[in-house]
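Chemist: Following this line is final-v5.cif, made up of mmCIF, C-alpha atoms and all ligand atoms:
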data_target
#
loop_
_atom_site.label_atom_id
_atom_site.label_comp_id
_atom_site.auth_asym_id
_atom_site.auth_seq_id
_atom_site.Cartn_x
_atom_site.Cartn_y
_atom_site.Cartn_z
CA MET A 30 -21.90 19.53 4.26
CA GLU A 31 -24.43 22.35 4.59
CA ILE A 32 -23.22 25.96 4.89
CA GLY A 33 -25.13 26.16 8.19
CA ASP A 34 -23.01 23.33 9.65
CA LEU A 35 -19.83 25.14 8.65
CA THR A 36 -20.73 28.44 10.30
CA LYS A 37 -21.38 26.52 13.53
CA ARG A 38 -18.06 24.72 13.27
CA ILE A 39 -15.60 27.46 12.20
CA ASN A 40 -14.23 29.76 14.91
CA PRO A 41 -10.88 31.46 15.67
CA GLU A 42 -9.47 28.18 17.04
CA THR A 43 -10.25 26.15 13.89
CA GLN A 44 -7.15 24.47 12.44
CA ILE A 45 -6.83 24.56 8.66
CA VAL A 46 -5.54 21.70 6.49
CA GLY A 47 -6.21 21.02 2.82
CA VAL A 48 -5.01 19.86 -0.56
CA PHE A 49 -2.87 21.55 -3.23
CA GLY A 50 -3.54 20.35 -6.77
CA TYR A 51 -4.05 21.59 -10.32
CA PRO A 52 -6.81 20.92 -11.14
CA VAL A 53 -8.31 19.98 -7.78
CA LYS A 54 -12.05 20.69 -7.87
CA HIS A 55 -12.89 17.01 -8.58
CA SER A 56 -11.12 15.86 -5.37
CA ALA A 57 -13.12 13.77 -2.87
CA SER A 58 -10.59 14.61 -0.12
CA PRO A 59 -12.44 17.65 1.35
CA ALA A 60 -15.63 15.58 1.82
CA MET A 61 -13.65 12.66 3.26
CA HIS A 62 -11.59 14.69 5.75
CA ASN A 63 -14.34 17.09 6.83
CA ALA A 64 -16.59 14.13 7.63
CA ALA A 65 -13.74 12.59 9.65
CA PHE A 66 -13.08 15.82 11.59
CA SER A 67 -16.80 16.26 12.38
CA SER A 68 -17.24 12.70 13.60
CA SER A 69 -14.03 12.83 15.69
CA GLY A 70 -15.04 16.14 17.29
CA LEU A 71 -11.82 17.79 16.06
CA ASN A 72 -11.89 21.52 15.36
CA TYR A 73 -10.29 21.26 11.91
CA ILE A 74 -11.41 22.19 8.42
CA TYR A 75 -10.07 20.79 5.11
CA LEU A 76 -10.06 23.05 2.05
CA SER A 77 -8.91 22.63 -1.55
CA PHE A 78 -6.43 25.10 -3.05
CA GLU A 79 -5.89 25.25 -6.80
CA VAL A 80 -2.14 25.90 -6.99
CA LYS A 81 -0.39 26.16 -10.36
CA PRO A 82 2.84 24.13 -10.60
CA GLU A 83 4.96 27.29 -11.05
CA GLU A 84 3.55 28.63 -7.75
CA ILE A 85 4.07 25.57 -5.56
CA GLU A 86 7.16 27.05 -3.84
CA LYS A 87 5.27 30.24 -2.87
CA ALA A 88 2.23 28.24 -1.72
CA LEU A 89 4.31 25.90 0.47
CA LYS A 90 6.27 28.79 2.00
CA ALA A 91 2.97 30.49 2.87
CA LEU A 92 1.78 27.53 4.99
CA PRO A 93 3.57 28.49 8.24
CA VAL A 94 2.89 32.19 7.61
CA LEU A 95 -0.87 31.50 7.44
CA GLY A 96 -0.87 28.99 10.29
CA ILE A 97 -2.04 26.15 8.01
CA LYS A 98 -1.24 22.84 9.75
CA GLY A 99 -0.74 20.64 6.72
CA VAL A 100 -1.70 19.80 3.18
CA ASN A 101 -2.05 16.86 0.86
CA LEU A 102 -0.29 17.23 -2.47
CA THR A 103 -1.83 15.80 -5.61
CA ILE A 104 -1.14 16.00 -9.34
CA PRO A 105 1.13 17.76 -10.41
CA HIS A 106 2.85 18.60 -7.11
CA LYS A 107 3.93 15.31 -5.50
CA GLU A 108 7.46 15.27 -6.97
CA ILE A 109 8.13 18.98 -7.57
CA ALA A 110 7.38 19.90 -3.95
CA MET A 111 10.19 17.76 -2.55
CA PRO A 112 12.97 20.41 -2.63
CA TYR A 113 10.86 22.69 -0.39
CA MET A 114 10.55 20.21 2.49
CA ASP A 115 12.73 20.63 5.62
CA ASN A 116 12.39 16.91 6.47
CA ILE A 117 11.36 14.00 4.26
CA SER A 118 10.28 10.58 5.53
CA GLU A 119 12.17 7.50 4.37
CA GLU A 120 9.13 6.26 2.42
CA ALA A 121 8.73 9.58 0.59
CA LEU A 122 12.46 9.62 -0.24
CA ASN A 123 12.31 6.09 -1.64
CA VAL A 124 9.16 6.74 -3.65
CA GLY A 125 10.46 10.12 -4.79
CA ALA A 126 7.17 11.84 -3.98
CA VAL A 127 5.48 13.63 -1.08
CA ASN A 128 1.68 13.50 -0.78
CA THR A 129 1.33 14.79 2.80
CA VAL A 130 2.95 17.82 4.40
CA LYS A 131 2.84 18.55 8.11
CA VAL A 132 3.73 22.02 9.39
CA ASP A 133 5.09 22.19 12.91
CA SER A 134 6.78 25.31 14.40
CA GLY A 135 7.54 26.57 10.89
CA VAL A 136 9.13 23.26 9.81
CA LEU A 137 7.67 21.44 6.77
CA SER A 138 7.85 17.62 6.96
CA GLY A 139 6.97 15.57 3.87
CA TYR A 140 5.46 12.06 3.96
CA ASN A 141 4.15 9.55 1.44
CA THR A 142 0.97 7.86 2.68
CA ASP A 143 0.22 6.16 -0.68
CA VAL A 144 2.48 3.29 0.45
CA GLU A 145 0.38 2.54 3.56
CA GLY A 146 -2.80 3.34 1.60
CA PHE A 147 -1.93 0.75 -1.03
CA LEU A 148 -0.92 -2.01 1.41
CA ASN A 149 -3.90 -1.87 3.82
CA PRO A 150 -6.57 -3.19 1.40
CA LEU A 151 -4.21 -6.04 0.46
CA SER A 152 -3.67 -7.08 4.05
CA GLU A 153 -7.46 -6.87 4.62
CA LYS A 154 -7.73 -9.55 1.90
CA GLY A 155 -5.29 -11.68 3.91
CA TRP A 156 -2.67 -11.56 1.12
CA GLN A 157 0.76 -12.62 2.37
CA PRO A 158 3.40 -10.74 0.34
CA GLU A 159 6.53 -12.64 1.41
CA GLY A 160 8.15 -14.49 -1.49
CA ARG A 161 5.30 -13.68 -3.92
CA LYS A 162 5.47 -12.48 -7.52
CA ALA A 163 3.54 -9.44 -8.79
CA VAL A 164 2.99 -7.67 -12.10
CA VAL A 165 2.48 -3.88 -12.00
CA LEU A 166 0.99 -2.16 -15.05
CA GLY A 167 2.34 1.41 -15.33
CA ALA A 168 5.57 3.15 -14.36
CA GLY A 169 4.36 6.58 -13.24
CA GLY A 170 4.11 8.09 -9.75
CA ALA A 171 1.52 5.63 -8.42
CA ALA A 172 3.45 2.64 -9.80
CA ARG A 173 6.59 3.83 -7.95
CA ALA A 174 4.69 3.86 -4.64
CA VAL A 175 3.23 0.40 -5.42
CA VAL A 176 6.57 -1.18 -6.38
CA PHE A 177 8.28 0.28 -3.30
CA ALA A 178 5.39 -0.85 -1.04
CA LEU A 179 5.55 -4.42 -2.40
CA LEU A 180 9.34 -4.70 -2.18
CA SER A 181 9.29 -3.29 1.38
CA SER A 182 6.82 -6.08 2.22
CA ALA A 183 9.29 -8.74 0.97
CA VAL A 184 7.66 -9.57 -2.38
CA SER A 185 10.42 -11.50 -4.20
CA GLU A 186 9.69 -10.68 -7.84
CA ILE A 187 8.04 -7.77 -9.66
CA VAL A 188 7.52 -7.22 -13.38
CA VAL A 189 6.92 -3.54 -14.21
CA ALA A 190 5.02 -3.39 -17.50
CA ASN A 191 4.61 -0.08 -19.25
CA ARG A 192 3.73 1.44 -22.63
CA ASN A 193 7.02 3.38 -22.52
CA LEU A 194 9.53 0.57 -21.94
CA GLU A 195 12.38 2.96 -21.11
CA ARG A 196 10.37 4.41 -18.20
CA ALA A 197 9.66 0.88 -16.91
CA GLY A 198 13.41 0.21 -17.18
CA ARG A 199 14.30 3.29 -15.12
CA LEU A 200 11.83 2.38 -12.36
CA SER A 201 12.99 -1.25 -12.31
CA THR A 202 16.70 -0.37 -12.19
CA ASP A 203 16.15 2.14 -9.41
CA MET A 204 14.07 -0.23 -7.25
CA GLN A 205 16.38 -3.18 -7.99
CA SER A 206 19.28 -1.15 -6.56
CA ARG A 207 17.26 -0.43 -3.38
CA PHE A 208 16.17 -4.09 -2.98
CA PRO A 209 19.02 -6.23 -4.37
CA ALA A 210 17.61 -9.50 -2.99
CA ALA A 211 14.46 -9.22 -5.13
CA ARG A 212 14.08 -9.48 -8.93
CA VAL A 213 12.61 -6.35 -10.54
CA ALA A 214 12.25 -6.57 -14.32
CA PRO A 215 10.79 -4.21 -16.94
CA ALA A 216 8.40 -5.33 -19.69
CA SER A 217 6.43 -3.79 -22.49
CA ILE A 218 2.63 -3.93 -22.18
CA PHE A 219 2.70 -4.95 -25.86
CA ASP A 220 4.93 -8.02 -25.29
CA SER A 221 2.98 -11.31 -25.27
CA LEU A 222 5.44 -12.72 -22.67
CA LEU A 223 3.71 -10.41 -20.18
CA PHE A 224 0.69 -12.74 -20.15
CA ARG A 225 2.91 -15.62 -19.00
CA GLU A 226 4.30 -13.40 -16.21
CA ILE A 227 0.72 -12.70 -15.08
CA SER A 228 -0.16 -16.42 -15.19
CA ASP A 229 2.77 -17.05 -12.79
CA SER A 230 1.87 -14.21 -10.41
CA SER A 231 -0.33 -13.92 -7.35
CA LEU A 232 -0.97 -10.16 -7.74
CA LEU A 233 -1.71 -7.91 -10.72
CA VAL A 234 -1.88 -4.14 -10.10
CA ASN A 235 -3.19 -1.60 -12.58
CA ALA A 236 -1.37 1.68 -11.89
CA THR A 237 -2.42 3.35 -15.15
CA PRO A 238 -5.52 5.54 -15.62
CA LEU A 239 -6.93 2.99 -18.10
CA GLY A 240 -10.35 2.00 -16.82
CA MET A 241 -11.53 5.51 -15.94
CA LYS A 242 -13.29 5.72 -19.31
CA GLY A 243 -14.08 2.06 -19.83
CA GLU A 244 -10.72 1.01 -21.35
CA MET A 245 -8.85 -2.22 -20.55
CA PRO A 246 -5.17 -1.91 -19.56
CA LEU A 247 -4.49 -5.45 -20.86
CA GLY A 248 -4.82 -6.68 -24.45
CA LYS A 249 -5.78 -10.22 -23.36
CA THR A 250 -7.30 -11.50 -20.15
CA ASP A 251 -7.02 -15.30 -20.41
CA CYS A 252 -3.92 -15.08 -18.16
CA ILE A 253 -6.17 -13.97 -15.27
CA HIS A 254 -6.72 -16.97 -13.04
CA PRO A 255 -8.33 -17.97 -9.73
CA GLY A 256 -5.69 -17.43 -7.05
CA LEU A 257 -4.70 -14.08 -8.59
CA ILE A 258 -5.63 -10.81 -6.84
CA VAL A 259 -6.33 -8.04 -9.34
CA TYR A 260 -5.95 -4.62 -7.75
CA ASP A 261 -7.03 -1.59 -9.80
CA LEU A 262 -5.88 1.79 -8.47
CA VAL A 263 -8.58 3.53 -10.51
CA TYR A 264 -11.34 4.42 -8.02
CA ASN A 265 -13.90 6.00 -10.34
CA PRO A 266 -15.67 3.95 -11.57
CA ASN A 267 -15.61 1.59 -8.61
CA ALA A 268 -15.86 -1.50 -10.83
CA THR A 269 -13.56 -1.01 -13.84
CA PRO A 270 -13.74 -3.32 -16.90
CA LEU A 271 -10.52 -5.00 -15.66
CA LEU A 272 -12.08 -5.80 -12.28
CA GLU A 273 -15.34 -7.00 -13.85
CA GLU A 274 -13.51 -9.30 -16.27
CA SER A 275 -11.17 -10.55 -13.51
CA GLY A 276 -14.14 -11.39 -11.28
CA LYS A 277 -15.68 -13.42 -14.13
CA ARG A 278 -12.41 -15.34 -14.44
CA GLY A 279 -12.44 -16.27 -10.75
CA ALA A 280 -9.80 -13.81 -9.53
CA ASP A 281 -10.21 -11.86 -6.30
CA THR A 282 -10.49 -8.09 -6.90
CA ILE A 283 -9.67 -4.84 -5.08
CA GLY A 284 -10.79 -1.40 -6.33
CA GLY A 285 -8.91 1.87 -5.80
CA LEU A 286 -11.32 3.39 -3.26
CA GLY A 287 -9.71 1.59 -0.30
CA MET A 288 -6.28 3.03 -1.17
CA LEU A 289 -7.78 6.51 -1.48
CA VAL A 290 -9.39 6.20 1.95
CA TYR A 291 -6.38 4.65 3.70
CA GLN A 292 -3.89 7.19 2.33
CA GLY A 293 -6.26 9.90 3.63
CA ALA A 294 -6.57 8.12 6.99
CA ALA A 295 -2.78 8.08 7.31
CA SER A 296 -2.59 11.84 6.53
CA PHE A 297 -5.32 12.48 9.13
CA ARG A 298 -3.23 10.61 11.74
CA ILE A 299 -0.06 12.54 10.80
CA TRP A 300 -1.82 15.90 11.28
CA THR A 301 -3.90 15.14 14.36
CA SER A 302 -2.11 12.21 16.12
CA VAL A 303 -5.60 10.63 16.31
CA ASP A 304 -6.63 7.39 14.55
CA ALA A 305 -8.91 8.13 11.62
CA PRO A 306 -12.56 6.99 11.42
CA VAL A 307 -12.00 4.90 8.29
CA GLU A 308 -15.62 3.79 7.72
CA ILE A 309 -16.88 7.39 7.96
CA MET A 310 -14.21 8.48 5.46
CA LYS A 311 -15.15 5.67 3.07
CA ASN A 312 -18.85 6.58 3.18
CA ALA A 313 -18.08 10.27 2.63
CA CYS A 314 -15.89 9.37 -0.35
CA GLU A 315 -18.58 7.16 -1.88
CA GLN A 316 -21.12 9.93 -1.38
CA ALA A 317 -18.80 12.51 -3.01
CA LEU A 318 -17.80 10.28 -5.93
CA PHE A 319 -20.91 8.24 -6.66
CA GLY A 320 -23.67 10.06 -4.78
CA ARG A 321 -24.21 7.14 -2.42
CA GLY A 322 -22.91 5.81 0.90
CA LYS A 323 -24.43 4.88 4.22
P1 LIG A 401 1.19 9.08 -14.03
O1 LIG A 401 2.37 9.38 -13.19
O2 LIG A 401 0.74 10.08 -15.05
O3 LIG A 401 1.48 7.67 -14.79
C1 LIG A 401 0.53 7.15 -15.70
C2 LIG A 401 0.95 5.75 -16.12
O4 LIG A 401 -0.09 5.22 -16.93
C3 LIG A 401 2.21 5.71 -16.96
O5 LIG A 401 2.89 4.51 -16.72
C4 LIG A 401 1.66 5.75 -18.39
O6 LIG A 401 2.48 5.11 -19.34
C5 LIG A 401 0.40 4.92 -18.23
N1 LIG A 401 -0.59 5.29 -19.23
C6 LIG A 401 -1.28 6.45 -19.30
N2 LIG A 401 -2.11 6.43 -20.39
C7 LIG A 401 -1.91 5.24 -21.00
C8 LIG A 401 -2.46 4.63 -22.16
N3 LIG A 401 -3.39 5.26 -22.90
N4 LIG A 401 -2.04 3.39 -22.50
C9 LIG A 401 -1.11 2.76 -21.76
N5 LIG A 401 -0.54 3.28 -20.64
C10 LIG A 401 -0.94 4.50 -20.27
O7 LIG A 401 -0.11 8.80 -13.15
P2 LIG A 401 -0.14 8.19 -11.65
O8 LIG A 401 -0.09 9.30 -10.68
O9 LIG A 401 0.87 7.12 -11.58
O10 LIG A 401 -1.63 7.60 -11.58
C11 LIG A 401 -2.01 6.45 -12.30
C12 LIG A 401 -3.46 6.09 -11.93
O11 LIG A 401 -3.52 5.67 -10.56
C13 LIG A 401 -4.46 7.25 -12.06
O12 LIG A 401 -5.67 6.75 -12.58
C14 LIG A 401 -4.68 7.69 -10.62
O13 LIG A 401 -5.98 8.25 -10.42
C15 LIG A 401 -4.57 6.35 -9.89
N6 LIG A 401 -4.19 6.55 -8.50
C16 LIG A 401 -5.07 6.11 -7.56
C17 LIG A 401 -4.76 6.26 -6.22
C18 LIG A 401 -5.72 5.78 -5.19
O14 LIG A 401 -5.65 6.23 -4.04
N7 LIG A 401 -6.60 4.85 -5.53
C19 LIG A 401 -3.54 6.85 -5.83
C20 LIG A 401 -2.66 7.29 -6.82
C21 LIG A 401 -3.00 7.13 -8.18
P3 LIG A 401 3.65 5.89 -20.14
O15 LIG A 401 4.82 5.97 -19.19
O16 LIG A 401 3.90 5.02 -21.31
O17 LIG A 401 3.09 7.24 -20.49
#
With the file now loaded, output its structure as structure tokens.
Modeler:
Amino acid sequence: MEIGDLTKRINPETQIVGVFGYPVKHSASPAMHNAAFSSSGLNYIYLSFEVKPEEIEKALKALPVLGIKGVNLTIPHKEIAMPYMDNISEEALNVGAVNTVKVDSGVLSGYNTDVEGFLNPLSEKGWQPEGRKAVVLGAGGAARAVVFALLSSAVSEIVVANRNLERAGRLSTDMQSRFPAARVAPASIFDSLLFREISDSSLLVNATPLGMKGEMPLGKTDCIHPGLIVYDLVYNPNATPLLEESGKRGADTIGGLGMLVYQGAASFRIWTSVDAPVEIMKNACEQALFGRGK
């Protein structure tokens, strides 16, 4: 956006929202949300705030004081901000992380829109989750949202594969206790039995950062088969080595950009009570990340 556009748009009535992260300068969220506000004719502006983890409490308490209507929270704030919320949505409680805060009459409400953001691209593919088996690579914050989203959608079996097996075990035990009817099992990414689990699955999700710099999150790919959806949460690059290899093996693929856009669209709706212009947000994201878009 040009500076000239901004001076026309900002006035005393402009509502402020934004993102707290550390670091945060790389974020595509300002471009995505500001494009959405402009196209919807909403008098809002979205700014990024570099907030150190030790200052998150002060920053959150300042929101009502400054009249800021809401923020997204990104690394490293999603979990550590939880104690400072007045209300927390059921999804955010189950995932153990807040990525969207709404401020209303001084009250801070925390939400997790990664769950909806993750599920929308899958339903666009027509994937029916009920009774299906999935393998999730990773056991960090994103993997927690993915495992919860899949179990909430009635997936019957999930294998959580991680480098640190103990961490996969903790995530599996926790989610198993929340969804006793399903089977949630940990695995090591180094265990060759993992490849058999993938062969038996209809969904493989990469929830590790491997792929951002050309790495593969899997040691072997001959378990990738037609009929499998391979969903990589990494959104930059758009086509990771895992997705390229999976496409060659006949699997259907989903990149991480859709999740990024849909989690933002859900935050937009929470703040404004207006449905988000998803295509505009996607184009703005592509422009910000890859220098292209419609
Ligand atoms: P996180 O909490 O730091 O977790 C990282 C996970 O990746 C852990 O399970 C970690 O394993 C594993 N990992 C990291 N480096 C590895 C390596 N060299 N080899 C094997 N495993 C490795 O991060 P996160 O927040 O879950 O994010 C994970 C990825 O998802 C990031 O790339 C993030 O950008 C992406 N993401 C995308 C979206 C979206 O909207 N598309 C949303 C959220 C996250 P250990 O436990 O063994 O360390």
Chemist: Pick from A:Asp115, A:Glu186, A:Glu153, A:Asp304: nearest to A:Ala65, with only C-alpha atoms counted?
Modeler: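 Using only C-alpha atoms, the shortest distance to A:Ala65 belongs to A:Asp304.
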Chemist: Residues at most 9 Å from A:Ser68, counting all atoms listed in the file, excluding those fewer than 5 positions away in the same chain, as a VMD selection string?
Modeler: chain A and resid 63 306 309
Chemist: Go ahead and fit an axis-aligned box to every listed atom of stretch 299-311 of chain A plus 5 Å each side, and pass me the centre and edge lengths in Å, one decimal, as JSON.
Modeler:
{"center_x": -8.5, "center_y": 9.8, "center_z": 9.7, "size_x": 26.8, "size_y": 22.1, "size_z": 23.2}
Chemist: Would you compute the distance between atom CA of A:Ala126 and atom CA of A:Pro82? Give it in Å to one decimal.
Modeler: 14.6 Å
Chemist: Enumerate as a PyMOL selection string the residues within 7 Å of ligand LIG 401 (chain A), counting all atoms listed in the file.
Modeler: chain A and resi 104+143+146+167-172+191-193+196+236-239+241+246+262-264+285-289+292
Chemist: When you draw a straight line from atom CA of A:Ser58 to atom CA of A:Ala190, how long is it in Å?
Modeler: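 These two atoms are separated by 29.5 Å.
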Chemist: Using only C-alpha atoms for the distances, tell me which of A:Phe49, A:Ser206, A:His55, A:Phe78 is nearest to A:Asn123.
Modeler: A:Ser206
Chemist: Pick the closest to A:Val46 from A:Ala60, A:Val100, A:Val136, A:Ala268: which is it, counting all atoms listed in the file?
Modeler: A:Val100
Chemist: Please provide as an NGL selection string all residues within 10 Å of A:Ser230, with the sequence filter that same-chain residues fewer than 5 positions apart are discarded (counting all atoms listed in the file).
Modeler: :A and (161-164 or 186-188 or 224-225 or 252-254 or 256-258)
Chemist: Write out all heavy atoms for stretch 301-311 of chain A, as a CSV table (one decimal), in the coordinates of the input.
Modeler:
chain,number,residue,atom,x,y,z
A,301,THR,N,-3.2,15.0,13.1
A,301,THR,CA,-3.9,15.1,14.4
A,301,THR,C,-3.4,14.2,15.5
A,301,THR,O,-3.8,14.4,16.6
A,301,THR,CB,-5.4,14.8,14.1
A,301,THR,OG1,-5.5,13.4,13.8
A,301,THR,CG2,-6.0,15.6,13.0
A,302,SER,N,-2.6,13.2,15.2
A,302,SER,CA,-2.1,12.2,16.1
A,302,SER,C,-3.3,11.4,16.7
A,302,SER,O,-3.2,10.8,17.7
A,302,SER,CB,-1.3,12.8,17.3
A,302,SER,OG,-0.3,13.6,16.8
A,303,VAL,N,-4.4,11.4,15.9
A,303,VAL,CA,-5.6,10.6,16.3
A,303,VAL,C,-5.9,9.6,15.2
A,303,VAL,O,-5.7,9.9,14.0
A,303,VAL,CB,-6.8,11.6,16.4
A,303,VAL,CG1,-8.1,10.8,16.6
A,303,VAL,CG2,-6.6,12.6,17.6
A,304,ASP,N,-6.3,8.4,15.6
A,304,ASP,CA,-6.6,7.4,14.6
A,304,ASP,C,-7.9,7.8,13.8
A,304,ASP,O,-8.8,8.3,14.4
A,304,ASP,CB,-6.9,6.0,15.2
A,304,ASP,CG,-5.6,5.3,15.5
A,304,ASP,OD1,-4.5,5.7,14.9
A,304,ASP,OD2,-5.6,4.4,16.4
A,305,ALA,N,-7.8,7.6,12.5
A,305,ALA,CA,-8.9,8.1,11.6
A,305,ALA,C,-10.1,7.2,11.6
A,305,ALA,O,-10.0,6.0,11.7
A,305,ALA,CB,-8.4,8.2,10.2
A,306,PRO,N,-11.3,7.8,11.5
A,306,PRO,CA,-12.6,7.0,11.4
A,306,PRO,C,-12.7,6.5,10.0
A,306,PRO,O,-13.4,7.2,9.2
A,306,PRO,CB,-13.7,8.0,11.8
A,306,PRO,CG,-13.1,9.3,11.4
A,306,PRO,CD,-11.6,9.3,11.5
A,307,VAL,N,-12.1,5.4,9.7
A,307,VAL,CA,-12.0,4.9,8.3
A,307,VAL,C,-13.4,4.7,7.6
A,307,VAL,O,-13.6,5.1,6.4
A,307,VAL,CB,-11.1,3.6,8.3
A,307,VAL,CG1,-11.1,3.0,6.9
A,307,VAL,CG2,-9.7,3.9,8.7
A,308,GLU,N,-14.3,4.1,8.3
A,308,GLU,CA,-15.6,3.8,7.7
A,308,GLU,C,-16.3,5.1,7.3
A,308,GLU,O,-17.0,5.2,6.3
A,308,GLU,CB,-16.5,3.0,8.7
A,308,GLU,CG,-16.4,1.5,8.5
A,308,GLU,CD,-16.5,1.0,7.1
A,308,GLU,OE1,-17.6,1.2,6.5
A,308,GLU,OE2,-15.6,0.3,6.6
A,309,ILE,N,-16.2,6.1,8.2
A,309,ILE,CA,-16.9,7.4,8.0
A,309,ILE,C,-16.2,8.0,6.7
A,309,ILE,O,-16.9,8.6,5.9
A,309,ILE,CB,-16.7,8.3,9.2
A,309,ILE,CG1,-17.3,7.7,10.4
A,309,ILE,CG2,-17.1,9.8,8.9
A,309,ILE,CD1,-18.5,8.3,11.0
A,310,MET,N,-14.9,7.9,6.6
A,310,MET,CA,-14.2,8.5,5.5
A,310,MET,C,-14.6,7.8,4.2
A,310,MET,O,-14.8,8.4,3.1
A,310,MET,CB,-12.7,8.4,5.7
A,310,MET,CG,-12.2,9.3,6.8
A,310,MET,SD,-10.5,9.1,7.2
A,310,MET,CE,-9.7,10.3,6.2
A,311,LYS,N,-14.8,6.4,4.3
A,311,LYS,CA,-15.2,5.7,3.1
A,311,LYS,C,-16.6,6.1,2.6
A,311,LYS,O,-16.8,6.3,1.4
A,311,LYS,CB,-15.1,4.2,3.4
A,311,LYS,CG,-15.4,3.3,2.3
A,311,LYS,CD,-15.0,1.8,2.6
A,311,LYS,CE,-15.4,0.9,1.5
A,311,LYS,NZ,-16.7,0.3,1.7
